[in-house]
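Heads up, the thing below is written out as structure tokens.
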Amino acid sequence: MADMIISKSKTKESVTECNVSGEFYSALDAKVREMIKIAEKRAIDNGRKTVRPYDL
């Protein structure tokens with residue numbers, strides 16, 4: 001698998017009342033990658049080369 005695009009330290013800082021399991025990071029990274037892929041497809045389908053917030 002490629003390097004993670006999420007930051008483990010920033011993710012851990014964001015979780016304020018729970019511990020973060022090691023598996024959570026890879027699951028979060030996979031979800032973010034999926035969201036980016038969908039956003040990119042939406043932008044292309046709409047004739048754009050720029051991914052915008054509403055593509056999410």
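Ligands are numbered from 1 in the order shown, residues from 1 within each chain, and chains are lettered A, B, ... in the order they appear in the structure tokens.
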
(request) Excluding range 17-26 of chain A and residues on its chain fewer than 6 positions from it, collect all residues at most 9 Å away from it, counting only C-alpha atoms, and give them as number ranges by chain. (result) A: 4, 6-8, 11

(request) Could you check how far CA of Asp55 in chain A sits from CA of Arg33 in chain A, in Å to one decimal? (result)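 CA of Asp55 in chain A sits 13.6 Å away from CA of Arg33 in chain A.
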
(request) Could you tell me how far CA of Ser14 in chain A lies from CA of Ala43 in chain A, in Å and to one decimal? (result) 29.0 Å

(message) Please list as an MDAnalysis selection string every residue within 10 Å of Met35 in chain A, counting only C-alpha atoms and excluding residues in the same chain fewer than 5 positions away.
(response) chainID A and resid 29:30 40:41 55:56

Convert the current residue selection to file output with N, CA and C atoms, as a PDB file, in the first residue's frame.
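Final file, again_0.pdb:
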ATOM      1  N   ASP A  29      -7.676   6.071   6.267  1.00  0.00           N
ATOM      2  CA  ASP A  29      -6.934   6.373   5.052  1.00  0.00           C
ATOM      3  C   ASP A  29      -7.664   5.820   3.829  1.00  0.00           C
ATOM      4  N   ALA A  30      -8.162   4.589   3.921  1.00  0.00           N
ATOM      5  CA  ALA A  30      -8.890   3.978   2.805  1.00  0.00           C
ATOM      6  C   ALA A  30     -10.159   4.755   2.494  1.00  0.00           C
ATOM      7  N   GLU A  40     -13.033  13.138  -7.566  1.00  0.00           N
ATOM      8  CA  GLU A  40     -12.334  13.336  -8.830  1.00  0.00           C
ATOM      9  C   GLU A  40     -13.208  12.906 -10.000  1.00  0.00           C
ATOM     10  N   LYS A  41     -13.883  11.776  -9.872  1.00  0.00           N
ATOM     11  CA  LYS A  41     -14.773  11.298 -10.934  1.00  0.00           C
ATOM     12  C   LYS A  41     -15.900  12.294 -11.170  1.00  0.00           C
ATOM     13  N   ASP A  55     -17.733  18.465  -4.562  1.00  0.00           N
ATOM     14  CA  ASP A  55     -17.562  17.152  -5.161  1.00  0.00           C
ATOM     15  C   ASP A  55     -17.565  16.046  -4.111  1.00  0.00           C
ATOM     16  N   LEU A  56     -17.395  16.439  -2.878  1.00  0.00           N
ATOM     17  CA  LEU A  56     -17.438  15.456  -1.800  1.00  0.00           C
ATOM     18  C   LEU A  56     -18.862  15.052  -1.510  1.00  0.00           C
TER      19      LEU A  56
END

(request) Please identify which residues in chain A DSSP calls alpha helix (DSSP H) from the backbone, and express them as an NGL selection string. (result) :A and (8-14 or 22-45)

Export N, CA and C atoms of the chosen residues as a compact mmCIF listing (two decimals), in the first residue's frame?
# COMPACT_ATOMS: atom_id res chain seq x y z
N LYS A 8 -1.35 10.37 11.24
CA LYS A 8 -1.70 9.63 12.45
C LYS A 8 -1.74 10.56 13.66
N SER A 9 -0.76 11.43 13.77
CA SER A 9 -0.70 12.31 14.95
C SER A 9 -1.87 13.29 14.97
N LYS A 10 -2.23 13.85 13.82
CA LYS A 10 -3.37 14.78 13.77
C LYS A 10 -4.68 14.05 14.02
N THR A 11 -4.78 12.83 13.54
CA THR A 11 -5.97 12.03 13.78
C THR A 11 -6.12 11.77 15.27
N LYS A 12 -5.02 11.35 15.89
CA LYS A 12 -5.06 11.07 17.33
C LYS A 12 -5.40 12.32 18.13
N GLU A 13 -4.87 13.48 17.74
CA GLU A 13 -5.20 14.74 18.41
C GLU A 13 -6.68 15.07 18.29
N SER A 14 -7.29 14.68 17.17
CA SER A 14 -8.70 15.00 16.91
C SER A 14 -9.66 14.14 17.73
N GLY A 22 -4.82 0.87 16.18
CA GLY A 22 -3.91 0.87 15.05
C GLY A 22 -4.63 0.65 13.72
N GLU A 23 -5.67 -0.16 13.74
CA GLU A 23 -6.42 -0.46 12.52
C GLU A 23 -7.24 0.73 12.04
N PHE A 24 -7.57 1.65 12.95
CA PHE A 24 -8.39 2.80 12.59
C PHE A 24 -7.71 3.66 11.53
N TYR A 25 -6.40 3.85 11.67
CA TYR A 25 -5.67 4.71 10.74
C TYR A 25 -5.75 4.21 9.30
N SER A 26 -5.55 2.93 9.09
CA SER A 26 -5.61 2.40 7.73
C SER A 26 -7.04 2.43 7.19
N ALA A 27 -8.03 2.21 8.05
CA ALA A 27 -9.43 2.28 7.62
C ALA A 27 -9.80 3.72 7.24
N LEU A 28 -9.35 4.69 8.03
CA LEU A 28 -9.60 6.09 7.74
C LEU A 28 -8.92 6.49 6.44
N ASP A 29 -7.68 6.07 6.27
CA ASP A 29 -6.93 6.37 5.05
C ASP A 29 -7.66 5.82 3.83
N ALA A 30 -8.16 4.59 3.92
CA ALA A 30 -8.89 3.98 2.80
C ALA A 30 -10.16 4.76 2.49
N LYS A 31 -10.86 5.21 3.52
CA LYS A 31 -12.09 5.97 3.33
C LYS A 31 -11.80 7.31 2.67
N VAL A 32 -10.75 7.98 3.09
CA VAL A 32 -10.37 9.27 2.50
C VAL A 32 -9.99 9.07 1.03
N ARG A 33 -9.23 8.04 0.74
CA ARG A 33 -8.85 7.76 -0.65
C ARG A 33 -10.09 7.50 -1.51
N GLU A 34 -11.07 6.78 -0.97
CA GLU A 34 -12.32 6.50 -1.68
C GLU A 34 -13.07 7.81 -1.95
N MET A 35 -13.13 8.68 -0.96
CA MET A 35 -13.82 9.96 -1.12
C MET A 35 -13.14 10.82 -2.19
N ILE A 36 -11.82 10.81 -2.21
CA ILE A 36 -11.08 11.58 -3.21
C ILE A 36 -11.34 11.03 -4.61
N LYS A 37 -11.35 9.72 -4.73
CA LYS A 37 -11.60 9.08 -6.02
C LYS A 37 -12.99 9.45 -6.55
N ILE A 38 -13.99 9.41 -5.68
CA ILE A 38 -15.35 9.76 -6.06
C ILE A 38 -15.44 11.24 -6.44
N ALA A 39 -14.79 12.09 -5.67
CA ALA A 39 -14.80 13.54 -5.96
C ALA A 39 -14.14 13.82 -7.30
N GLU A 40 -13.03 13.14 -7.57
CA GLU A 40 -12.33 13.34 -8.83
C GLU A 40 -13.21 12.91 -10.00
N LYS A 41 -13.88 11.78 -9.87
CA LYS A 41 -14.77 11.30 -10.93
C LYS A 41 -15.90 12.29 -11.17
N ARG A 42 -16.46 12.84 -10.09
CA ARG A 42 -17.54 13.81 -10.22
C ARG A 42 -17.06 15.06 -10.96
N ALA A 43 -15.87 15.53 -10.64
CA ALA A 43 -15.32 16.70 -11.31
C ALA A 43 -15.14 16.43 -12.80
N ILE A 44 -14.56 15.29 -13.12
CA ILE A 44 -14.34 14.92 -14.53
C ILE A 44 -15.67 14.78 -15.27
N ASP A 45 -16.64 14.12 -14.62
CA ASP A 45 -17.95 13.94 -15.23
C ASP A 45 -18.64 15.28 -15.50
